[in-house]
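Below is one structure, written out as structure tokens; comments come after it.
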Amino acid sequence: MSDDAGAGGPDTGRAENEWLLDVARGASADAGGAPVHLLGEYLRLLADAAVTGRRPARSELDAVEVLGRRAAEQGVSAGRAVRLYLSAARRLWQQLPQLVRSTDSEVVRAAADAVLHVVDTAVATLAEGYAAARRELVRREEGLRRELVDDLLRGDSDLGGLVERAEPFGLDLTRVHQVALAAPGRRLPDTAAAISALERVIFDRLGDRDVLVATKEGLLVVIAPADVVPPAGAAGAAAPAGSLGQLVHAELDRLARGRPWQVAVGRPHPGLYGIARSYEEAREALTTARRLRTDTPVIDAHHLLIYRVLLRDQAAMVDLVQAVLTPLRGARGGAEPLLATLEAYFACGEVATEAARRLHVSVRTVTYRLDRVRALSGYDPADPQDRFTLHAAVLGARALDWPRQPPPL
């Protein structure tokens, strides 16, 4: 409210202003304390319309639109802003002296029509300004968030600058964080729905501080403090929470688009550089899972550490695969059935009956294939020392996509 606002109230300017200010204060209280200044010259427009029938000029509506933008920028909700305007109109109408004393129904009807026109036009203009400002704020925040995520995951930016930029998003870079990456089964035309869904459930479960959701290179990225993520199977953990990866996957799996999702989670690490390290582990876990052609929905980087060891010395891994597994090509049907049998056998703790169930073959077939491995390679799957060598070779073969692909030279 400006100090010189008002028409249609008491005769003196001071009394007129006091009357309109009382209306504004009452409307502010009705709207949960929405700032009075967001009314601008709105009350004067209402009073003029009631007394003279004058409709607001374009410049006056432009001023209302600016007030709508200001409400959004100051964090006033759209509901409170609209309620402020509607309550102000109701209170002013009830106190207009000319209408209170008037007995002419036509005068009252004309005044009501003019006031309702101002209310309708002003509230619509206010909402348009509010929506435009919110869109700009969201775009600005998305840009800042994307830049922050890129710098956090790269891990080589100025620490002081990152701490300052992370503060508005609630990130405490001194805490232990972990990173989850979610890859859709097919490329999403729009990731906004996925981000909104993730933010909603993660903020609900983990709180709205120190959690960041964004996109990077076609993947959804979640940065969360490790100490607020309930471990899988923890007592009291809300279903279907479990680990961060399970929480993310469960929510994304509800979406109509993007399925099947695959989520990889890096190990928790402290500090700024811990975020970058957890991200690299999650990204490497996704890449390894693709090379292994696994459809496991949630991948824990901790469980793939053996592949990191194997892939670091590719030449040694190739030599191991060729020396131990190449003789299996001489089996009827090639090496793949024997390789699959070894993989299932080792995965279930060297139990032939369970391996047979997983492979959908008879126990006799499993034992026959294990005998063929021993005969062709010279390594016995039942011998502890040979078993370790065979298992490492099988893991290396899957990482190299052998025997479908020739080993790199």
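We name chains A, B, ... following the order of the structure tokens; residues begin at 1 in each chain, and ligands are numbered from 1 as shown.
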Q: Mind checking which residues fall within 9 Å of Gly129 of chain A, counting only C-alpha atoms, ignoring those fewer than 2 positions away in the same chain, and posting them as a ChimeraX atom specification?
A: /A:62,64-72,124-127,131-134
Take the selection from the previous step and output its residues with N, CA and C atoms, as a short mmCIF file (atom, residue, chain, number, x, y, z; two decimals), in the first residue's frame.
data_model
loop_
_atom_site.label_atom_id
_atom_site.label_comp_id
_atom_site.auth_asym_id
_atom_site.auth_seq_id
_atom_site.Cartn_x
_atom_site.Cartn_y
_atom_site.Cartn_z
N ASP A 62 0.19 -3.93 -15.37
CA ASP A 62 1.61 -4.31 -15.43
C ASP A 62 2.25 -4.23 -14.05
N VAL A 64 0.66 -4.73 -11.24
CA VAL A 64 0.18 -5.89 -10.49
C VAL A 64 0.99 -7.13 -10.87
N GLU A 65 1.32 -7.27 -12.15
CA GLU A 65 2.13 -8.41 -12.59
C GLU A 65 3.50 -8.39 -11.93
N VAL A 66 4.08 -7.20 -11.79
CA VAL A 66 5.36 -7.08 -11.10
C VAL A 66 5.23 -7.52 -9.65
N LEU A 67 4.11 -7.19 -9.02
CA LEU A 67 3.88 -7.62 -7.64
C LEU A 67 3.77 -9.14 -7.55
N GLY A 68 3.16 -9.77 -8.55
CA GLY A 68 3.10 -11.23 -8.58
C GLY A 68 4.48 -11.84 -8.67
N ARG A 69 5.33 -11.25 -9.49
CA ARG A 69 6.72 -11.72 -9.58
C ARG A 69 7.44 -11.55 -8.25
N ARG A 70 7.19 -10.41 -7.61
CA ARG A 70 7.86 -10.13 -6.34
C ARG A 70 7.43 -11.14 -5.27
N ALA A 71 6.15 -11.51 -5.29
CA ALA A 71 5.66 -12.50 -4.32
C ALA A 71 6.40 -13.83 -4.50
N ALA A 72 6.57 -14.25 -5.75
CA ALA A 72 7.28 -15.51 -6.00
C ALA A 72 8.73 -15.41 -5.55
N ALA A 124 -5.91 -12.54 -11.95
CA ALA A 124 -5.35 -13.28 -13.10
C ALA A 124 -3.98 -12.74 -13.47
N THR A 125 -3.83 -11.41 -13.46
CA THR A 125 -2.53 -10.80 -13.79
C THR A 125 -1.50 -11.12 -12.72
N LEU A 126 -1.91 -11.07 -11.46
CA LEU A 126 -1.02 -11.43 -10.36
C LEU A 126 -0.51 -12.87 -10.53
N ALA A 127 -1.43 -13.80 -10.85
CA ALA A 127 -1.05 -15.20 -11.02
C ALA A 127 -0.11 -15.39 -12.20
N ALA A 131 3.54 -16.98 -11.84
CA ALA A 131 3.95 -18.17 -12.60
C ALA A 131 5.19 -17.91 -13.43
N ALA A 132 5.24 -16.73 -14.06
CA ALA A 132 6.42 -16.39 -14.88
C ALA A 132 7.67 -16.33 -14.02
N ALA A 133 7.56 -15.72 -12.85
CA ALA A 133 8.72 -15.64 -11.96
C ALA A 133 9.13 -17.01 -11.47
N ARG A 134 8.15 -17.88 -11.15
CA ARG A 134 8.49 -19.23 -10.69
C ARG A 134 9.22 -20.01 -11.78
#
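With only C-alpha atoms taken into account, the protein and nucleic acid residues at most 10 Å from Arg165 of chain A (excluding it and anything under 6 positions from it in its own chain) are Leu144, Arg145, Glu147, Leu148, Leu159 and Leu171 of chain A.
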Q) Which is closer to Ala399 of chain A than all the others in A:Glu336, A:Glu343, A:Leu292, A:Arg372, using only C-alpha atoms? A)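 Looking only at the distances to Ala399 of chain A, the closest residue turns out to be A:Leu292.
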Q.
Could you go through segment 40-265 of chain A and tell me which residues DSSP, when run on the backbone, assigns to helix (DSSP H, G or I), listing them as a ChimeraX atom specification?
A. /A:42-52,58-73,78-95,97-101,105-154,159-169,192-206,226-228,244-252
Q.
as a list in words, please: the residues near segment 161-164 of chain A (cut-off 10 Å, only C-alpha atoms, same-chain neighbours under 5 positions excluded).
A.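 Returned residues: Leu148, Asp151, Leu152, Gly155, Phe169, Leu171, Asp172, Leu173, Thr174 and Leu272 of chain A.
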Q.
Between A:Ala63, A:Val394, A:Ala289, A:Val318, which residue has the minimum interatomic distance to Leu338 of chain A, considering only C-alpha atoms?
A.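 The answer is A:Val394, which sits nearest to Leu338 of chain A.
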(Q) as an MDAnalysis selection string, please: every residue in segment 134-313 of chain A that DSSP puts in strand (DSSP E or B). (A) chainID A and resid 176:183 212:216 219:225 262:265 269:270 298:300
Q) Which polymer residues have any atom within 6 Å of an atom of Ala114 of chain A, counting only C-alpha atoms, with same-chain residues fewer than 3 positions away left out, as a list in words? A)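 After dropping sequence-adjacent residues, the list is Ala49, Gly53, Ala111 and His117 of chain A.
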Would you save the residues from that selection as a PDB file, in the first residue's frame, using N, CA and C atoms?
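Below you can see out-v2.pdb, which holds the result:
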ATOM      1  N   ALA A  49     -13.049   1.772  -8.957  1.00  0.00           N
ATOM      2  CA  ALA A  49     -14.029   1.019  -9.737  1.00  0.00           C
ATOM      3  C   ALA A  49     -15.396   1.084  -9.085  1.00  0.00           C
ATOM      4  N   GLY A  53     -16.589   3.397 -11.579  1.00  0.00           N
ATOM      5  CA  GLY A  53     -16.691   2.382 -12.630  1.00  0.00           C
ATOM      6  C   GLY A  53     -15.447   2.283 -13.490  1.00  0.00           C
ATOM      7  N   ALA A 111     -21.655  -1.027  -9.145  1.00  0.00           N
ATOM      8  CA  ALA A 111     -20.389  -0.993  -8.408  1.00  0.00           C
ATOM      9  C   ALA A 111     -19.831  -2.403  -8.238  1.00  0.00           C
ATOM     10  N   HIS A 117     -14.871  -7.016 -11.817  1.00  0.00           N
ATOM     11  CA  HIS A 117     -14.010  -6.979 -13.008  1.00  0.00           C
ATOM     12  C   HIS A 117     -12.562  -6.703 -12.606  1.00  0.00           C
TER      13      HIS A 117
END
Q.
Restricting the calculation to only C-alpha atoms: of A:Ala183, A:Ala110, A:Leu137, A:Val201, which residue gets closest to Arg290 of chain A?
A. A:Ala183
Q.
Can you tell me which residues surround Val321 of chain A at a distance of at most 12 Å, considering only C-alpha atoms, apart from same-chain residues fewer than 3 positions away, and format the answer as a VMD selection string?
A. chain A and resid 310 314 to 318 324 to 329 335 339 377 389 to 403 406 to 408
Q. Could you name the residues that touch segment 361-364 of chain A at 12 Å or less, counting only C-alpha atoms, but leaving out those on the same chain fewer than 4 positions away, as a PyMOL selection string?
A. chain A and resi 337+340-341+344-345+351-357+368-371
Q: Determine the nearest neighbour of Val222 of chain A from the options A:Ala250, A:Ala180, A:Leu46, A:Ala197, counting only C-alpha atoms.
A: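 Smallest separation from Val222 of chain A among the options: A:Ala180.
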Q. What is the distance, in Å and to one decimal place, between atom CA of Ile223 of chain A and atom CA of Val179 of chain A?
A. 4.7 Å
